[in-house]
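> Provided below: model.txt, containing compact mmCIF, C-alpha atoms and all ligand atoms.
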```txt
# COMPACT_ATOMS: atom_id res chain seq x y z
CA MET A 17 0.81 26.81 -13.41
CA ALA A 18 4.21 27.76 -12.00
CA THR A 19 2.77 31.11 -10.99
CA ALA A 20 -0.16 29.44 -9.23
CA ILE A 21 2.14 27.27 -7.12
CA LYS A 22 4.33 30.26 -6.30
CA ASP A 23 1.26 32.23 -5.20
CA ILE A 24 0.20 29.50 -2.80
CA GLN A 25 3.68 29.11 -1.36
CA GLU A 26 3.75 32.82 -0.74
CA ASP A 27 0.23 32.92 0.71
CA PRO A 28 0.84 33.87 4.36
CA ARG A 29 -1.98 31.60 5.64
CA GLU A 30 -0.52 28.56 3.93
CA ARG A 31 2.99 29.40 5.09
CA ALA A 32 1.82 29.99 8.65
CA LEU A 33 0.07 26.61 8.75
CA GLN A 34 3.14 24.83 7.37
CA GLU A 35 5.30 26.43 10.04
CA LYS A 36 2.81 25.56 12.77
CA VAL A 37 2.57 21.86 11.89
CA ALA A 38 6.36 21.66 11.52
CA THR A 39 6.61 22.28 15.28
CA GLY A 40 4.44 19.22 15.95
CA TYR A 41 1.11 21.07 16.25
CA GLN A 42 -1.89 18.87 15.42
CA LEU A 43 -5.20 20.13 14.05
CA GLU A 44 -8.40 18.88 15.63
CA ASP A 45 -10.90 20.76 13.54
CA VAL A 46 -11.69 21.19 9.85
CA GLU A 47 -12.15 24.91 10.56
CA GLU A 48 -8.43 25.29 11.23
CA MET A 49 -7.50 24.09 7.73
CA THR A 50 -6.53 26.01 4.65
CA GLU A 51 -7.96 24.83 1.33
CA ARG A 52 -4.65 23.43 0.21
CA TYR A 53 -4.15 21.53 3.47
CA LYS A 54 -7.65 20.12 3.23
CA ASN A 55 -7.08 18.94 -0.35
CA VAL A 56 -3.89 17.08 0.40
CA LEU A 57 -5.33 15.53 3.58
CA VAL A 58 -8.56 14.39 1.92
CA ASN A 59 -6.64 12.99 -1.03
CA THR A 60 -4.33 11.03 1.30
CA ILE A 61 -7.20 9.55 3.32
CA HIS A 62 -9.20 8.81 0.19
CA ILE A 63 -6.39 6.83 -1.43
CA ALA A 64 -5.69 5.00 1.84
CA ALA A 65 -9.38 4.04 2.13
CA ASP A 66 -9.61 2.79 -1.46
CA LEU A 67 -6.46 0.72 -0.95
CA GLU A 68 -8.02 -1.01 2.06
CA VAL A 69 -11.10 -2.02 0.06
CA VAL A 70 -9.24 -3.34 -2.97
CA THR A 71 -7.47 -5.92 -0.79
CA LEU A 72 -10.79 -7.82 -0.59
CA PRO A 73 -10.97 -9.05 -4.19
CA THR A 74 -7.26 -9.95 -4.13
CA TYR A 75 -7.92 -12.37 -1.26
CA SER A 76 -11.08 -13.80 -2.77
CA PRO A 77 -9.66 -16.70 -4.88
CA ALA A 78 -7.43 -17.82 -2.00
CA ILE A 79 -10.39 -18.10 0.35
CA LYS A 80 -11.89 -20.62 -2.03
CA THR A 81 -8.74 -22.66 -2.56
CA SER A 82 -7.04 -22.43 0.85
CA PRO A 83 -6.32 -25.91 2.20
CA THR A 84 -7.95 -25.88 5.64
CA LEU A 85 -10.78 -24.19 7.47
CA GLU A 86 -8.19 -22.38 9.63
CA ASP A 87 -6.66 -20.83 6.51
CA LYS A 88 -10.05 -19.67 5.30
CA ILE A 89 -10.78 -18.15 8.70
CA ALA A 90 -7.39 -16.39 8.77
CA ILE A 91 -8.01 -14.78 5.39
CA ALA A 92 -11.62 -13.91 6.17
CA ALA A 93 -10.45 -12.27 9.44
CA ALA A 94 -7.87 -10.19 7.56
CA CYS A 95 -10.57 -9.13 5.07
CA GLN A 96 -12.81 -8.06 7.93
CA ASP A 97 -9.96 -6.00 9.39
CA GLU A 98 -9.24 -4.31 6.05
CA LEU A 99 -12.89 -3.45 5.56
CA GLY A 100 -12.97 -2.00 9.07
CA HIS A 101 -9.94 0.16 8.22
CA ALA A 102 -11.69 1.40 5.09
CA GLN A 103 -14.88 2.12 7.00
CA MET A 104 -13.01 4.20 9.55
CA MET A 105 -11.26 6.20 6.82
CA TYR A 106 -14.43 6.85 4.78
CA ARG A 107 -16.11 7.86 8.04
CA ILE A 108 -13.46 10.56 8.57
CA LEU A 109 -14.08 11.78 5.02
CA GLU A 110 -17.75 12.32 5.96
CA ASP A 111 -16.53 15.19 8.19
CA PHE A 112 -15.42 16.80 4.94
CA GLY A 113 -18.81 16.42 3.31
CA TYR A 114 -18.27 13.13 1.47
CA ASP A 115 -20.65 10.21 1.50
CA THR A 116 -19.33 6.69 2.14
CA HIS A 117 -22.11 4.95 0.26
CA SER A 118 -21.53 6.92 -2.90
CA PHE A 119 -17.76 6.41 -2.59
CA LEU A 120 -18.24 2.66 -2.40
CA PHE A 121 -21.19 1.94 -4.63
CA GLU A 122 -21.72 4.85 -6.98
CA ARG A 123 -18.26 5.39 -8.39
CA ASP A 124 -17.04 4.14 -11.72
CA PRO A 125 -14.42 1.39 -10.98
CA GLU A 126 -12.02 3.26 -13.28
CA GLU A 127 -12.03 6.16 -10.84
CA TRP A 128 -10.76 4.12 -7.92
CA ARG A 129 -7.20 4.80 -6.86
CA THR A 130 -5.24 1.57 -6.60
CA PHE A 131 -1.59 0.63 -6.34
CA GLN A 132 -0.14 -2.12 -8.50
CA MET A 133 0.78 -4.23 -5.45
CA LEU A 134 -2.93 -4.78 -4.77
CA GLU A 135 -4.08 -5.39 -8.33
CA PHE A 136 -3.40 -9.11 -8.68
CA PRO A 137 -5.83 -11.66 -7.22
CA HIS A 138 -3.96 -14.24 -5.13
CA GLU A 139 -3.83 -17.54 -6.94
CA ASP A 140 -3.47 -19.61 -3.78
CA TYR A 141 -3.00 -19.43 -0.03
CA ILE A 142 0.79 -19.22 -0.34
CA GLU A 143 0.39 -16.06 -2.36
CA SER A 144 -1.86 -14.63 0.35
CA VAL A 145 0.62 -15.26 3.15
CA VAL A 146 3.56 -13.98 1.09
CA SER A 147 1.59 -10.86 0.28
CA MET A 148 0.81 -10.37 3.98
CA CYS A 149 4.46 -10.84 4.84
CA TYR A 150 5.82 -8.39 2.26
CA GLY A 151 2.82 -6.31 1.14
CA ASP A 152 1.08 -5.74 4.47
CA ARG A 153 4.51 -4.87 5.85
CA ALA A 154 4.75 -2.14 3.21
CA GLY A 155 1.25 -0.90 4.01
CA TYR A 156 2.01 -1.02 7.73
CA ILE A 157 5.10 1.16 7.31
CA THR A 158 2.94 3.76 5.58
CA THR A 159 0.15 3.72 8.18
CA VAL A 160 2.59 3.76 11.12
CA ASP A 161 4.20 6.84 9.62
CA LEU A 162 0.76 8.47 9.37
CA GLU A 163 -0.13 7.49 12.95
CA GLU A 164 3.11 8.92 14.31
CA ASN A 165 3.28 12.05 12.20
CA CYS A 166 -0.03 13.10 10.71
CA SER A 167 -0.87 16.66 11.71
CA TYR A 168 -4.62 15.91 11.56
CA ALA A 169 -5.12 14.39 15.01
CA PRO A 170 -8.41 12.48 14.41
CA PHE A 171 -6.81 10.55 11.52
CA ALA A 172 -3.58 9.86 13.44
CA ARG A 173 -5.55 8.58 16.47
CA SER A 174 -7.77 6.30 14.43
CA LEU A 175 -4.74 4.59 12.93
CA ARG A 176 -3.74 3.11 16.29
CA LYS A 177 -6.28 0.31 15.87
CA VAL A 178 -5.43 -0.11 12.19
CA ASN A 179 -1.76 -0.61 12.96
CA TYR A 180 -2.46 -2.95 15.82
CA GLU A 181 -4.39 -5.19 13.41
CA GLU A 182 -1.79 -4.87 10.68
CA THR A 183 0.84 -6.36 12.98
CA PHE A 184 -1.31 -9.52 13.04
CA HIS A 185 -1.41 -9.67 9.25
CA VAL A 186 2.35 -9.23 9.00
CA SER A 187 3.11 -11.84 11.71
CA HIS A 188 0.64 -14.27 10.16
CA GLY A 189 2.36 -13.73 6.80
CA GLU A 190 5.85 -14.23 8.24
CA ARG A 191 4.90 -17.32 10.17
CA TRP A 192 3.25 -19.11 7.25
CA THR A 193 5.78 -17.97 4.67
CA ARG A 194 8.42 -19.65 6.83
CA PHE A 195 6.19 -22.71 7.23
CA PHE A 196 5.67 -23.18 3.49
CA TRP A 197 9.37 -22.60 2.86
CA ASN A 198 10.10 -25.63 5.01
CA GLN A 199 7.09 -27.78 4.13
CA SER A 200 8.10 -29.33 0.78
CA GLU A 201 10.19 -28.72 -2.31
CA GLU A 202 7.08 -27.71 -4.17
CA SER A 203 5.81 -25.23 -1.59
CA ARG A 204 9.32 -23.76 -1.29
CA ARG A 205 9.42 -23.18 -5.03
CA ARG A 206 6.02 -21.50 -4.87
CA VAL A 207 7.12 -19.20 -2.02
CA GLN A 208 10.21 -18.13 -3.97
CA GLU A 209 8.21 -17.59 -7.15
CA THR A 210 5.67 -15.46 -5.29
CA VAL A 211 8.34 -13.39 -3.55
CA ASP A 212 10.01 -12.85 -6.95
CA PHE A 213 6.74 -11.37 -8.18
CA TYR A 214 5.86 -9.34 -5.07
CA PHE A 215 9.23 -7.84 -4.17
CA PRO A 216 9.37 -5.22 -6.96
CA LEU A 217 5.64 -4.55 -6.52
CA CYS A 218 6.24 -3.77 -2.84
CA THR A 219 9.25 -1.53 -3.46
CA ALA A 220 7.02 0.39 -5.90
CA TRP A 221 4.32 0.75 -3.21
CA PHE A 222 6.31 3.69 -1.82
CA GLY A 223 6.17 5.53 -5.14
CA MET A 224 8.69 7.47 -7.17
CA PRO A 225 12.22 8.05 -5.84
CA ASP A 226 12.53 11.30 -3.86
CA ASN A 227 14.64 12.98 -6.55
CA ARG A 228 11.83 12.46 -9.08
CA LYS A 229 8.93 13.51 -6.93
CA THR A 230 7.39 16.87 -7.72
CA ARG A 231 4.46 16.99 -5.29
CA THR A 232 5.70 17.53 -1.76
CA ASP A 233 2.60 18.89 0.01
CA GLN A 234 2.17 15.75 2.12
CA LEU A 235 5.51 16.48 3.75
CA SER A 236 5.30 20.26 3.95
CA TYR A 237 1.88 20.08 5.64
CA ARG A 238 3.08 17.17 7.73
CA ILE A 239 0.33 14.85 6.60
CA ARG A 240 3.07 12.26 6.79
CA GLY A 241 6.58 12.40 8.20
CA ALA A 242 8.88 10.25 6.05
CA SER A 243 9.70 10.57 2.37
CA ASN A 244 9.16 7.79 -0.20
CA ASP A 245 12.81 6.73 -0.07
CA GLU A 246 12.91 6.79 3.73
CA MET A 247 9.87 4.52 3.95
CA ARG A 248 11.20 2.21 1.26
CA GLN A 249 14.46 1.95 3.21
CA LYS A 250 12.55 1.09 6.37
CA TRP A 251 10.68 -1.65 4.51
CA LEU A 252 13.92 -3.08 3.10
CA SER A 253 15.47 -3.05 6.58
CA ARG A 254 12.70 -5.38 7.75
CA VAL A 255 12.08 -7.68 4.80
CA VAL A 256 15.67 -8.26 3.65
CA PRO A 257 16.91 -9.65 7.01
CA PHE A 258 13.69 -11.66 7.36
CA SER A 259 14.15 -13.20 3.90
CA GLU A 260 17.81 -13.94 4.56
CA SER A 261 16.95 -15.62 7.87
CA VAL A 262 14.50 -17.94 6.07
CA GLY A 263 16.65 -18.53 2.98
CA ILE A 264 14.42 -16.70 0.50
CA LYS A 265 16.33 -14.90 -2.24
CA VAL A 266 15.47 -11.22 -2.74
CA PRO A 267 16.93 -8.69 -5.20
CA ALA A 268 18.35 -6.37 -2.50
CA HIS A 269 21.16 -6.38 0.04
CA TYR A 270 22.80 -4.27 2.74
CA ASP A 271 25.58 -2.13 1.36
CA GLU A 272 28.27 -1.65 4.01
CA GLU A 273 29.85 1.31 2.25
CA GLN A 274 26.63 3.28 1.88
CA GLY A 275 25.34 2.08 5.25
CA LYS A 276 21.93 1.22 3.84
CA TYR A 277 19.91 -1.36 1.94
CA VAL A 278 20.09 -1.16 -1.83
CA LEU A 279 18.20 -2.84 -4.66
CA ASP A 280 20.12 -5.13 -7.01
CA TYR A 281 18.31 -3.62 -9.99
CA GLU A 282 17.55 -0.16 -11.25
CA PRO A 283 13.78 0.54 -11.17
CA PRO A 284 11.52 0.87 -13.02
CA ILE A 285 11.71 -2.46 -14.83
CA TYR A 286 9.38 -4.23 -17.24
CA LEU A 287 6.66 -6.53 -15.91
CA ASP A 288 5.09 -9.22 -18.07
CA GLU A 289 1.65 -9.13 -16.46
CA GLU A 290 0.45 -12.36 -18.06
CA LYS A 291 3.39 -14.43 -16.89
CA ARG A 292 3.78 -12.37 -13.70
CA GLU A 293 7.47 -12.07 -14.42
CA TRP A 294 9.80 -9.11 -14.09
CA ASP A 295 12.52 -8.58 -16.64
CA TYR A 296 15.37 -7.27 -14.51
CA ASP A 297 17.41 -6.50 -17.61
CA ARG A 298 14.72 -4.43 -19.27
CA GLN A 299 14.45 -0.96 -17.82
CA ILE A 300 11.50 1.21 -18.74
CA THR A 301 11.23 4.98 -18.35
CA TRP A 302 9.44 6.61 -15.41
CA GLU A 303 6.92 8.00 -17.90
CA GLU A 304 6.13 4.45 -19.04
CA GLN A 305 5.94 3.29 -15.43
CA LEU A 306 3.49 6.06 -14.53
CA LYS A 307 1.31 5.03 -17.46
CA VAL A 308 1.26 1.41 -16.25
CA TRP A 309 0.36 2.55 -12.71
CA LYS A 310 -2.35 4.85 -13.97
CA LYS A 311 -3.97 2.26 -16.20
CA GLY A 312 -3.92 -0.49 -13.57
CA SER A 313 -3.68 -4.23 -14.18
CA LYS A 314 -6.32 -6.04 -16.22
CA HIS A 315 -7.84 -7.23 -12.92
CA LYS A 316 -8.45 -3.77 -11.51
CA VAL A 317 -11.81 -2.88 -13.04
CA PRO A 318 -13.42 -6.36 -12.86
CA SER A 319 -12.29 -6.75 -9.22
CA ILE A 320 -13.74 -3.42 -8.13
CA ALA A 321 -16.90 -4.00 -10.15
CA ARG A 322 -17.33 -7.23 -8.22
CA VAL A 323 -16.99 -5.48 -4.84
CA ILE A 324 -19.52 -2.89 -5.93
CA SER A 325 -22.05 -5.42 -7.16
CA GLU A 326 -21.81 -7.25 -3.82
CA GLU A 327 -21.31 -10.70 -5.21
CA TRP A 328 -19.14 -11.38 -2.22
CA GLY A 329 -21.60 -12.82 0.24
CA LYS A 330 -23.01 -15.63 -1.85
CA ASP A 331 -19.78 -16.45 -3.67
CA LEU A 332 -17.53 -16.62 -0.69
CA TRP A 333 -17.50 -20.34 0.02
FE FE B 401 -5.42 -2.41 6.40
FE FE B 402 -3.49 -5.74 6.33
```
Go ahead and express the file in the form of structure tokens.


Amino acid sequence: MATAIKDIQEDPRERALQEKVATGYQLEDVEEMTERYKNVLVNTIHIAADLEVVTLPTYSPAIKTSPTLEDKIAIAAACQDELGHAQMMYRILEDFGYDTHSFLFERDPEEWRTFQMLEFPHEDYIESVVSMCYGDRAGYITTVDLEENCSYAPFARSLRKVNYEETFHVSHGERWTRFFWNQSEESRRRVQETVDFYFPLCTAWFGMPDNRKTRTDQLSYRIRGASNDEMRQKWLSRVVPFSESVGIKVPAHYDEEQGKYVLDYEPPIYLDEEKREWDYDRQITWEEQLKVWKKGSKHKVPSIARVISEEWGKDLW
């Protein structure tokens, strides 16, 4: 294995492409790609597309229970946006010989790539707006990085619209999170409880810490520009001041000495999935964390199966 990686790094075609994209060069054509570049690009787009689709079943219960017609419309509009993002990404994958229909409807739900942040159906509208405020913000930081840095120009260009729409989801989330914080004692408690659950999920969205990461092709082929830790820091620099301005407690703060935001706990920590509670005093190993991520929550397979079987239309209202 080590020899194989060494061979590729020393392959002059691969090295030449890495040097070319490092100068800011963007590829327009599949013909310009090396096999290794193509693999890492396709994998990145494929995961991004799957992540857009799996937002739909997370919103589903909140559409049914949201208090007003406006709330239902807001969530339905976000779902439409997310599906549009997925459609655009699968469409790009067709240039690489893949078929959108088989991706969506002919794959075993187990095969879908999901991130833990998107594996829990929202129990109510407050959870939806909190997840837009914190979770869509995390997603937005990732897609903005891809728009600004991705060396495959057609993908970078197509993300302009995606990011424009994501800003609506984030602002909607911020506005209504603030609203529910101030509405009543009960809604305030629910906001805090939901943030307590989502905060560690969102920090984990950006993946392993840089010093633990072994696969670095996304950066060396400039599929994206920022590392996991850099993106996580960017996310913290937005959500921590927002939370403090509202009064929401979050397990992170700005550390004057280090000149950056730091978490008040050492990840990874144990999650009781049933209770949706993190045990900040119970650290787990990264190996255990990877197993949890790989397996997915108990909702993953049923949620995806539901999308595939198209129960959506008739069950929506
Ligand atoms: Fe999206
Ligand atoms: Fe979104």

> Please, which residues have at least one atom within 7 Å of an atom of ligand FE 401 (chain B), using only C-alpha atoms and all ligand atoms, listed as a ChimeraX atom specification?

/A:68,97-98,101,178,182

> So what do you get for CA of Gly189 in chain A versus CA of Val146 in chain A, distance-wise?

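It comes out at 5.8 Å.
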
> Pick the closest to ligand FE 402 (chain B) from A:Phe119, A:Phe171, A:Tyr41, A:Tyr180: which is it, counting all atoms listed in the file?

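Answer, going by the shortest atom-to-atom distance: A:Tyr180.
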
> From the options A:His138, A:His269, A:Arg248, A:His185, which residue's atoms come nearest to ligand FE 402 (chain B), counting all atoms listed in the file?

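Of A:His138, A:His269, A:Arg248, A:His185, the one nearest ligand FE 402 (chain B), counting all atoms listed in the file, is A:His185.
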
> Between A:Pro318, A:Gly263, A:Gly100, A:Pro225, which has the minimum distance to ligand FE 402 (chain B) (counting only C-alpha atoms and all ligand atoms)?

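Of A:Pro318, A:Gly263, A:Gly100, A:Pro225, the one nearest ligand FE 402 (chain B), counting only C-alpha atoms and all ligand atoms, is A:Gly100.
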
> Just to confirm, what's the straight-line distance from CA of Glu143 in chain A to CA of Thr210 in chain A in Å (one decimal)?

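That distance, rounded to one decimal, is 6.1 Å.
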
> As an exercise, work out the distance from CA of Glu135 in chain A to CA of Ile285 in chain A in Å and give it to one decimal place.

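Taking CA of Glu135 in chain A and CA of Ile285 in chain A, their separation equals 17.3 Å.
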
> Name each residue within 12 Å of ligand FE 402 (chain B), counting all atoms listed in the file, as an MDAnalysis selection string.

chainID A and resid 64 67:72 74:75 90:102 134 144:145 147:159 177:189

> Give me, as a list in words, all polymer residues having an atom no more than 12 Å from Thr60 in chain A, counting only C-alpha atoms and skipping those fewer than 6 positions away in the same chain.

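Here the answer would be Tyr53, Lys54, Asp66, Leu67, Met105, Tyr106, Ile108, Leu109, Arg129, Thr158, Thr159, Leu162, Cys166, Tyr168, Phe171, Asp233, Gln234, Leu235, Tyr237, Arg238, Ile239 and Arg240 of chain A.
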
> When you look at range 291-301 of chain A with a cut-off of 9 Å (counting all atoms listed in the file), what residues show up, excluding the ones that are within fewer than 6 positions of it in the same chain? I need them as a list in words.

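Listing them by chain and then by number gives Asp212, Phe213, Pro216, Tyr281, Glu282, Pro283, Pro284 and Ile285 of chain A.
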
> Calculated over all atoms listed in the file, which of the candidates A:Glu163, A:Glu30, A:Glu303, A:Glu190 has the smallest distance to Phe258 in chain A?

A:Glu190

> Check which residues of range 180-284 of chain A sit at most 12 Å from range 308-313 of chain A using only C-alpha atoms, and return one row each with the closest pair of atoms and their distance in Å to one decimal, ordered by chain and rising number, as a Markdown table.


```
| residue | atom | partner | partner_atom | distance |
| --- | --- | --- | --- | --- |
| A:Leu217 | CA | A:Trp309 | CA | 10.8 |
| A:Ala220 | CA | A:Trp309 | CA | 9.8 |
| A:Trp221 | CA | A:Trp309 | CA | 10.4 |
| A:Gly223 | CA | A:Trp309 | CA | 10.0 |
| A:Met224 | CA | A:Trp309 | CA | 11.1 |
| A:Pro284 | CA | A:Val308 | CA | 10.8 |
```

> Quick one: residues within 8 Å of range 202-207 of chain A, only C-alpha atoms counted, chain neighbours fewer than 4 positions away excluded, as a PDB file with C-alpha atoms, in the frame of the given file?


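Contents of around05.pdb, as written:
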```pdb
ATOM      1  CA  ILE A 142       0.790 -19.220  -0.340  1.00  0.00           C
ATOM      2  CA  GLU A 143       0.390 -16.060  -2.360  1.00  0.00           C
ATOM      3  CA  VAL A 146       3.560 -13.980   1.090  1.00  0.00           C
ATOM      4  CA  THR A 193       5.780 -17.970   4.670  1.00  0.00           C
ATOM      5  CA  PHE A 196       5.670 -23.180   3.490  1.00  0.00           C
ATOM      6  CA  TRP A 197       9.370 -22.600   2.860  1.00  0.00           C
ATOM      7  CA  ASN A 198      10.100 -25.630   5.010  1.00  0.00           C
ATOM      8  CA  VAL A 211       8.340 -13.390  -3.550  1.00  0.00           C
TER       9      VAL A 211
END
```

> Name the closest residue to Val58 in chain A among the candidates A:Asp245, A:Leu306, A:Asp111, A:Lys36; distances are taken between atoms, counting all atoms listed in the file.

A:Asp111

> Smallest atom-to-atom distance to Lys229 in chain A: which of A:Trp302, A:Asp45, A:Gly113, A:Tyr270, using all atoms listed in the file?

A:Trp302
